[in-house]
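*Asks:* If you scroll down you'll find the structure; I have some questions about it.
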Amino acid sequence: MAAMRATTEAIHRTYAGEVDESGKNLGIGDVGIDQHFGWVMANYTVPRLADLTDRGIALFFGRIWMDDGEDFHIGRRHIRDEHGDPLVLDWRAPLSEQYYRASAHDRRDVARRRRFGFQGARLTGFEDENLLFGEEVASDILTAEIERPRTGPMRDIVATIQPEQDELIRREAGTNLCVQGAPGTGKTAVGLHRAAWLLYNYTDKLTKSGVLVVGPNEGFLSYISGVLPTLGETSVWQTTVHQLTGAHTAAATDSHEAALVKHDERMALVCERAVWGHVGTAADGGVTAEEGLLIADGGWRWRLGLNFLEDAIANARKHTRTYTAGRKAVEEAIVQGVRRQAEIRSGHSPDGKWATKLKRTPSVQAFLDGVWPKLNGKTVMKKLYGNPDFLADATRGILTEEETALLTGKPGRPTAADLLIMDEIESHLKLRDPSDSYGHIVIDEAQDLSPMQCRVIARRSGKGSVTVLGDLAQGTTPWAAASWEDQMRHLGKEQVEHTELTTGFRVPAVIIELANRVLPHLGVGVAPARSIRSDGSLDMVATADLEAGVRDAVAKALREEGLVGVIAADERAAALRPVLEGTDRVELVAASLAKGLEYDHVVVVEPVEIVEAPATGGATVEGVGLRHLYVALTRAVSRLTVVHARDLPAEMRP
Ligand SMILES: Nc1ncnc2c1ncn2[C@@H]1O[C@H](COP(=O)(O)OP(=O)(O)OP(=O)(O)O)[C@@H](O)[C@H]1O
């Protein structure tokens, strides 16, 4: 890599004089083609030099010997020798698939595979599998990697990607993938590595259209945000659902009941009717059968009949996708109608200037305003929330009267759900610019999205594909999905490959067994995780003084390496803050925010409080507390201590 860097530096030095710091061509040096070439080269070498920086991570982690005698190293990036021949293959290159997928049963022309163990850039060992002789080794290097103490944000797993994960990561770009997986089965890891694989293999298409990763909250994003950059991908935009839907700018909050209605999929129908319901008949435009529409055009007076106008409106309604385009189509039909009359009368066709003038004629504009009034999102929202008759018309047969009564708000001070409604309304008014949608979107914790949130994402996906990751058992929002088929429908994808992951990489068997007791009580038919880990420990501590119990548990946990996460019901977590103040390596997490995170040692505080706690915002959502507990119990990589002063919830008992 040092040699590759030196070559690139030399190229950069040769041409860098031809651009200034902003990358602008200074116009010095050779003229014409040569100058342009120099400019391109100088720009090209800048990101490449950044890419060739030694990050103190081993450049390779595997090697395969093929049946024909060739052998390859597999690593984080491509490395070539001075002749341009590959020394290390990028893990995303097609040939690397053989490294990840070959087995004694399905060798894929691989005779022998070697895994290297590293700490930083220091080689610590290697293990060989002679596939030709049918050897399959339970990898100590994989085990060590999984059990390694966590010191901070999530890391990449390129060195130890498992065959069933690799199979998902490398699905071709057009595939819409939906992955249901129990806690710790590597869903997030698969999603992020898939994003990197796609960008490498479909560079042209995807760097232009963009790849987006959507996560549930800021904490989760900062936990995962380092993975793609270590894989050399800095162009992926990572965002929370709230940022994507603009909810972070919301100025008001809905009651729980109002939010439920506003997030419901039936709201999409309400929005559709609220917009398209504005389309009237020719009579609304002041036209009668006797008179028709009279249009003054210089010295001429044209007349369009009622039937012609009704047909024009019906055609526009049928053939245009957006309301705004519909109005234009009627306007166009009027021009065409008059043009034909003019042609017959004068023998020649009037020009474009004439057409523009005709459209501006007061009678044409008045007709259009009556039949197809100009709208924008704000005016529709205002009418929906401010005009009871309009609201009743828009919701009739779709929502009940009680539900309709909950649809209130101030468009100037929208709630998070109002912004979804606004986005939906706008989608009927105007088509989104196709360049605003992403080539691929990875959606994590997708079970928590409401139908209306899914639809916002769908509109930003357009013709692009998605990787949808989640666990129905960890759904904790009031609108959490009950089925992946429905969720994918809301996301606008019809062709979907569904798959379920059950091998647990995070949580050791003793701990997952405890969590799996809770699973049958969550009302979802998903498969439990089977841990590949037989290590780990579980401690149940009954105490009379909860705070003292937590303090003790944390002190004990700190005797071991790694991060400690203390998870408690939201209110309890706030109360514990002063108790844990100033302790290094300890993070206090409210149960409602623990999703997606992991710690070497987890202390779960008073499970029964987590079960009883209302959902965020004070609402009571049936069963949500138990799901928060399930999430909390599945965050530990090595050790779990459950501290309780009250009885444990019945669902945790054997
Ligand atoms: N092949 C692997 N090699 C090493 N570590 C792995 C592998 N697959 C997953 N892991 C690790 O297992 C842990 C759990 O993975 P991840 O967070 O992706 O699971 P998840 O299914 O998203 O979990 P949750 O449902 O709890 O959010 C992570 O620390 C991840 O790095």
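Chain labels run A, B, ... following the order of the structure tokens; each chain numbers its residues from 1, and ligands are numbered from 1 in the order shown.
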Residues within 6 Å of ligand 1 should be enumerated using only C-alpha atoms and all ligand atoms and returned as a compact mmCIF listing (two decimals) with N, CA and C atoms, in the first residue's frame.

*Replies:*
# COMPACT_ATOMS: atom_id res chain seq x y z
N GLU A 145 -13.33 -12.78 17.96
CA GLU A 145 -13.82 -11.52 17.42
C GLU A 145 -15.16 -11.16 18.06
N ILE A 146 -16.03 -12.16 18.21
CA ILE A 146 -17.35 -11.90 18.78
C ILE A 146 -17.25 -11.57 20.27
N ILE A 157 -17.38 -6.18 10.27
CA ILE A 157 -17.20 -7.62 10.49
C ILE A 157 -16.61 -8.31 9.26
N THR A 160 -14.92 -11.71 9.38
CA THR A 160 -15.60 -12.92 9.85
C THR A 160 -17.04 -13.05 9.35
N ILE A 161 -17.34 -12.40 8.24
CA ILE A 161 -18.70 -12.53 7.67
C ILE A 161 -19.02 -14.02 7.49
N GLN A 162 -20.21 -14.43 7.93
CA GLN A 162 -20.59 -15.83 7.83
C GLN A 162 -21.32 -16.09 6.50
N GLY A 181 -35.04 -10.81 11.97
CA GLY A 181 -33.99 -11.50 12.73
C GLY A 181 -34.09 -11.22 14.20
N ALA A 182 -33.94 -12.25 15.00
CA ALA A 182 -33.94 -12.11 16.46
C ALA A 182 -32.77 -11.20 16.87
N PRO A 183 -32.77 -10.73 18.12
CA PRO A 183 -31.72 -9.81 18.57
C PRO A 183 -30.31 -10.39 18.37
N GLY A 184 -29.41 -9.55 17.87
CA GLY A 184 -28.01 -9.95 17.76
C GLY A 184 -27.70 -10.92 16.65
N THR A 185 -28.62 -11.08 15.69
CA THR A 185 -28.36 -12.02 14.60
C THR A 185 -27.60 -11.35 13.45
N GLY A 186 -27.17 -10.13 13.66
CA GLY A 186 -26.30 -9.47 12.68
C GLY A 186 -27.04 -8.69 11.60
N LYS A 187 -28.28 -8.32 11.86
CA LYS A 187 -29.04 -7.59 10.84
C LYS A 187 -28.37 -6.27 10.48
N THR A 188 -28.03 -5.47 11.51
CA THR A 188 -27.40 -4.18 11.25
C THR A 188 -26.09 -4.38 10.50
N ALA A 189 -25.31 -5.35 10.96
CA ALA A 189 -24.02 -5.62 10.31
C ALA A 189 -24.25 -5.97 8.84
N PHE A 505 -25.23 -13.78 17.29
CA PHE A 505 -23.79 -13.54 17.46
C PHE A 505 -23.50 -12.73 18.71
N ARG A 506 -24.48 -12.00 19.20
CA ARG A 506 -24.21 -11.11 20.33
C ARG A 506 -24.39 -11.81 21.67
N GLY A 596 -30.97 -1.67 19.37
CA GLY A 596 -29.85 -1.64 18.44
C GLY A 596 -28.49 -1.53 19.10

*Asks:* What are the closest atom pairs, with distances in Å to one decimal, for each residue of region 385-477 of chain A lying within 6 Å of region 244-254 of chain A, using only C-alpha atoms, rows by chain and rising residue number, as CSV?

*Replies:*
residue,atom,partner,partner_atom,distance
A:Arg413,CA,A:Ala251,CA,5.1
A:Pro414,CA,A:Ala250,CA,5.5
A:Thr415,CA,A:Ala252,CA,4.7
A:Ala416,CA,A:Ala247,CA,4.4

*Asks:* Restricting the calculation to only C-alpha atoms, which member of A:Val586, A:Leu406, A:Leu558, A:Ala573 is positioned closest to Ala258 (chain A)?

*Replies:*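 Distance minimum relative to Ala258 (chain A) lands on A:Leu406.
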
*Asks:* Can you measure CA of Met652 (chain A) to CA of Leu633 (chain A) for me? One decimal in Å is fine.

*Replies:*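 The value is 10.2 Å.
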
*Asks:* If we count only C-alpha atoms, what is near region 205-220 of chain A at a cut-off of 8 Å, once residues fewer than 4 positions away on the same chain are taken out, given as a PyMOL selection string?

*Replies:* chain A and resi 192+195+198-199+224+235-242+435+437-445+593+595-597

*Asks:* So which residues touch region 316-326 of chain A within 9 Å, counting only C-alpha atoms, skipping near sequence neighbours fewer than 3 positions away, as a ChimeraX atom specification?

*Replies:* /A:275-276,279,311-313,329-331,333,372,374-375,427-431

*Asks:* Only N, CA and C atoms, please: the residues just picked out, written as an mmCIF file, in the first residue's frame.

*Replies:*
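New file selection.cif:
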data_model
loop_
_atom_site.group_PDB
_atom_site.id
_atom_site.type_symbol
_atom_site.label_atom_id
_atom_site.label_comp_id
_atom_site.auth_asym_id
_atom_site.auth_seq_id
_atom_site.Cartn_x
_atom_site.Cartn_y
_atom_site.Cartn_z
ATOM 1 N N VAL A 275 -56.997 16.240 -1.796
ATOM 2 C CA VAL A 275 -56.447 16.946 -2.957
ATOM 3 C C VAL A 275 -57.375 16.800 -4.162
ATOM 4 N N TRP A 276 -57.632 15.564 -4.555
ATOM 5 C CA TRP A 276 -58.368 15.333 -5.807
ATOM 6 C C TRP A 276 -59.835 15.718 -5.692
ATOM 7 N N VAL A 279 -61.263 18.736 -7.622
ATOM 8 C CA VAL A 279 -61.604 18.766 -9.041
ATOM 9 C C VAL A 279 -63.120 18.828 -9.174
ATOM 10 N N ASP A 311 -65.239 16.193 -21.125
ATOM 11 C CA ASP A 311 -64.296 15.148 -21.569
ATOM 12 C C ASP A 311 -62.861 15.517 -21.192
ATOM 13 N N ALA A 312 -62.539 16.788 -21.399
ATOM 14 C CA ALA A 312 -61.170 17.233 -21.087
ATOM 15 C C ALA A 312 -60.878 17.016 -19.597
ATOM 16 N N ILE A 313 -61.861 17.331 -18.742
ATOM 17 C CA ILE A 313 -61.667 17.161 -17.294
ATOM 18 C C ILE A 313 -61.532 15.674 -16.954
ATOM 19 N N ALA A 329 -53.160 19.816 -17.967
ATOM 20 C CA ALA A 329 -53.714 19.008 -19.054
ATOM 21 C C ALA A 329 -55.043 19.602 -19.529
ATOM 22 N N VAL A 330 -55.870 20.099 -18.603
ATOM 23 C CA VAL A 330 -57.141 20.709 -19.011
ATOM 24 C C VAL A 330 -56.852 21.995 -19.793
ATOM 25 N N GLU A 331 -55.902 22.752 -19.294
ATOM 26 C CA GLU A 331 -55.515 24.002 -19.961
ATOM 27 C C GLU A 331 -55.059 23.711 -21.396
ATOM 28 N N ALA A 333 -55.844 21.100 -23.191
ATOM 29 C CA ALA A 333 -56.983 20.639 -23.995
ATOM 30 C C ALA A 333 -57.778 21.841 -24.515
ATOM 31 N N TRP A 372 -60.598 23.476 -11.362
ATOM 32 C CA TRP A 372 -59.361 22.814 -10.923
ATOM 33 C C TRP A 372 -58.503 23.865 -10.198
ATOM 34 N N LYS A 374 -55.966 26.210 -8.180
ATOM 35 C CA LYS A 374 -54.541 26.041 -7.843
ATOM 36 C C LYS A 374 -54.420 25.701 -6.362
ATOM 37 N N LEU A 375 -53.541 24.753 -6.017
ATOM 38 C CA LEU A 375 -53.403 24.350 -4.610
ATOM 39 C C LEU A 375 -51.939 24.263 -4.232
ATOM 40 N N SER A 427 -47.298 14.891 -2.409
ATOM 41 C CA SER A 427 -47.024 13.872 -3.427
ATOM 42 C C SER A 427 -48.157 13.817 -4.456
ATOM 43 N N HIS A 428 -49.381 14.233 -4.065
ATOM 44 C CA HIS A 428 -50.482 14.271 -5.034
ATOM 45 C C HIS A 428 -50.454 15.553 -5.856
ATOM 46 N N LEU A 429 -49.799 16.566 -5.303
ATOM 47 C CA LEU A 429 -49.789 17.844 -6.005
ATOM 48 C C LEU A 429 -48.742 17.869 -7.108
ATOM 49 N N LYS A 430 -47.549 17.357 -6.771
ATOM 50 C CA LYS A 430 -46.435 17.482 -7.718
ATOM 51 C C LYS A 430 -45.585 16.231 -7.646
ATOM 52 N N LEU A 431 -45.057 15.771 -8.764
ATOM 53 C CA LEU A 431 -44.146 14.632 -8.722
ATOM 54 C C LEU A 431 -42.820 15.072 -8.113
#

*Asks:* With distances taken over only C-alpha atoms, which residue among A:Leu629, A:Leu538, A:Ala268, A:Leu514 lies nearest Pro654 (chain A)?

*Replies:*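 Under the stated criterion, the closest residue is A:Leu514.
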
*Asks:* As a ChimeraX atom specification, please: all residues of region 381-548 of chain A that backbone DSSP puts in strand (DSSP E or B).

*Replies:* /A:410,413,440-443,465-470,497-501,503-504,530-531,537-542

*Asks:* Could you take the residues named above and write them with C-alpha atoms, as a PDB file, in the first residue's frame?

*Replies:*
ATOM      1  CA  LYS A 410     -52.161  24.185  13.067  1.00  0.00           C
ATOM      2  CA  ARG A 413     -47.039  24.656  13.926  1.00  0.00           C
ATOM      3  CA  HIS A 440     -30.703   2.042  -2.472  1.00  0.00           C
ATOM      4  CA  ILE A 441     -32.059   2.563   1.038  1.00  0.00           C
ATOM      5  CA  VAL A 442     -31.097   0.428   4.036  1.00  0.00           C
ATOM      6  CA  ILE A 443     -33.785   0.707   6.722  1.00  0.00           C
ATOM      7  CA  SER A 465     -34.224  -0.993  -4.118  1.00  0.00           C
ATOM      8  CA  VAL A 466     -34.309  -1.398  -0.337  1.00  0.00           C
ATOM      9  CA  THR A 467     -32.801  -3.565   2.375  1.00  0.00           C
ATOM     10  CA  VAL A 468     -35.284  -3.714   5.235  1.00  0.00           C
ATOM     11  CA  LEU A 469     -34.061  -5.019   8.573  1.00  0.00           C
ATOM     12  CA  GLY A 470     -35.918  -5.569  11.796  1.00  0.00           C
ATOM     13  CA  GLU A 497     -37.221 -11.566  -0.919  1.00  0.00           C
ATOM     14  CA  HIS A 498     -38.058 -12.367   2.699  1.00  0.00           C
ATOM     15  CA  THR A 499     -35.597 -14.135   4.943  1.00  0.00           C
ATOM     16  CA  GLU A 500     -35.203 -14.886   8.653  1.00  0.00           C
ATOM     17  CA  LEU A 501     -31.946 -14.945  10.640  1.00  0.00           C
ATOM     18  CA  THR A 503     -28.056 -17.440  14.629  1.00  0.00           C
ATOM     19  CA  GLY A 504     -27.283 -15.064  17.475  1.00  0.00           C
ATOM     20  CA  ARG A 530     -30.036 -19.646  18.929  1.00  0.00           C
ATOM     21  CA  SER A 531     -26.761 -18.383  20.312  1.00  0.00           C
ATOM     22  CA  SER A 537     -22.889 -15.186  32.594  1.00  0.00           C
ATOM     23  CA  LEU A 538     -26.237 -14.290  34.090  1.00  0.00           C
ATOM     24  CA  ASP A 539     -26.766 -12.974  37.634  1.00  0.00           C
ATOM     25  CA  MET A 540     -30.116 -12.347  39.249  1.00  0.00           C
ATOM     26  CA  VAL A 541     -29.739 -10.012  42.245  1.00  0.00           C
ATOM     27  CA  ALA A 542     -32.675  -9.459  44.606  1.00  0.00           C
TER      28      ALA A 542
END

*Asks:* Per residue of region 75-108 of chain A within 8 Å of region 41-63 of chain A, what are the shortest atom pair and its distance in Å to one decimal, counting only C-alpha atoms, with rows by chain and residue number, as JSON lines?

*Replies:*
{"residue": "A:Gly75", "atom": "CA", "partner": "A:Phe60", "partner_atom": "CA", "distance": 3.6}
{"residue": "A:Arg76", "atom": "CA", "partner": "A:Leu59", "partner_atom": "CA", "distance": 5.8}
{"residue": "A:Arg77", "atom": "CA", "partner": "A:Leu59", "partner_atom": "CA", "distance": 7.0}
{"residue": "A:Val88", "atom": "CA", "partner": "A:Phe60", "partner_atom": "CA", "distance": 6.8}
{"residue": "A:Tyr99", "atom": "CA", "partner": "A:Arg63", "partner_atom": "CA", "distance": 7.5}

*Asks:* Those residues you just picked out, can you put them in a file as a PDB file, in the first residue's frame with C-alpha atoms?

*Replies:*
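As a result, result.pdb now contains:
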ATOM      1  CA  GLY A  75      -8.562  -7.864   2.616  1.00  0.00           C
ATOM      2  CA  ARG A  76     -10.255  -4.561   3.217  1.00  0.00           C
ATOM      3  CA  ARG A  77      -9.075  -3.011  -0.042  1.00  0.00           C
ATOM      4  CA  VAL A  88      -4.820  -8.574  -1.929  1.00  0.00           C
ATOM      5  CA  TYR A  99     -13.504 -17.120   0.613  1.00  0.00           C
TER       6      TYR A  99
END

*Asks:* In Å, with one decimal, what is the gap from CA of Val603 (chain A) to CA of Gly536 (chain A)?

*Replies:*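 Taking CA of Val603 (chain A) and CA of Gly536 (chain A), their separation equals 13.8 Å.
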
*Asks:* By how many Å are CA of Leu640 (chain A) and CA of Arg517 (chain A) apart?

*Replies:*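 Straight-line distance from CA of Leu640 (chain A) to CA of Arg517 (chain A) works out to 15.3 Å.
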
*Asks:* From a DSSP calculation on the backbone, collect every residue of region 213-329 of chain A in alpha helix (DSSP H) and output the set as a PyMOL selection string.

*Replies:* chain A and resi 218-224+227-230+241-245+256-263+266-276+306-319+323-329

*Asks:* Give the answer as one residue: which of A:His263, A:Arg155, A:Arg148, A:Arg653 has the shortest atom-to-atom distance to Pro607 (chain A), using only C-alpha atoms?

*Replies:*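 Nearest to Pro607 (chain A): A:Arg653.
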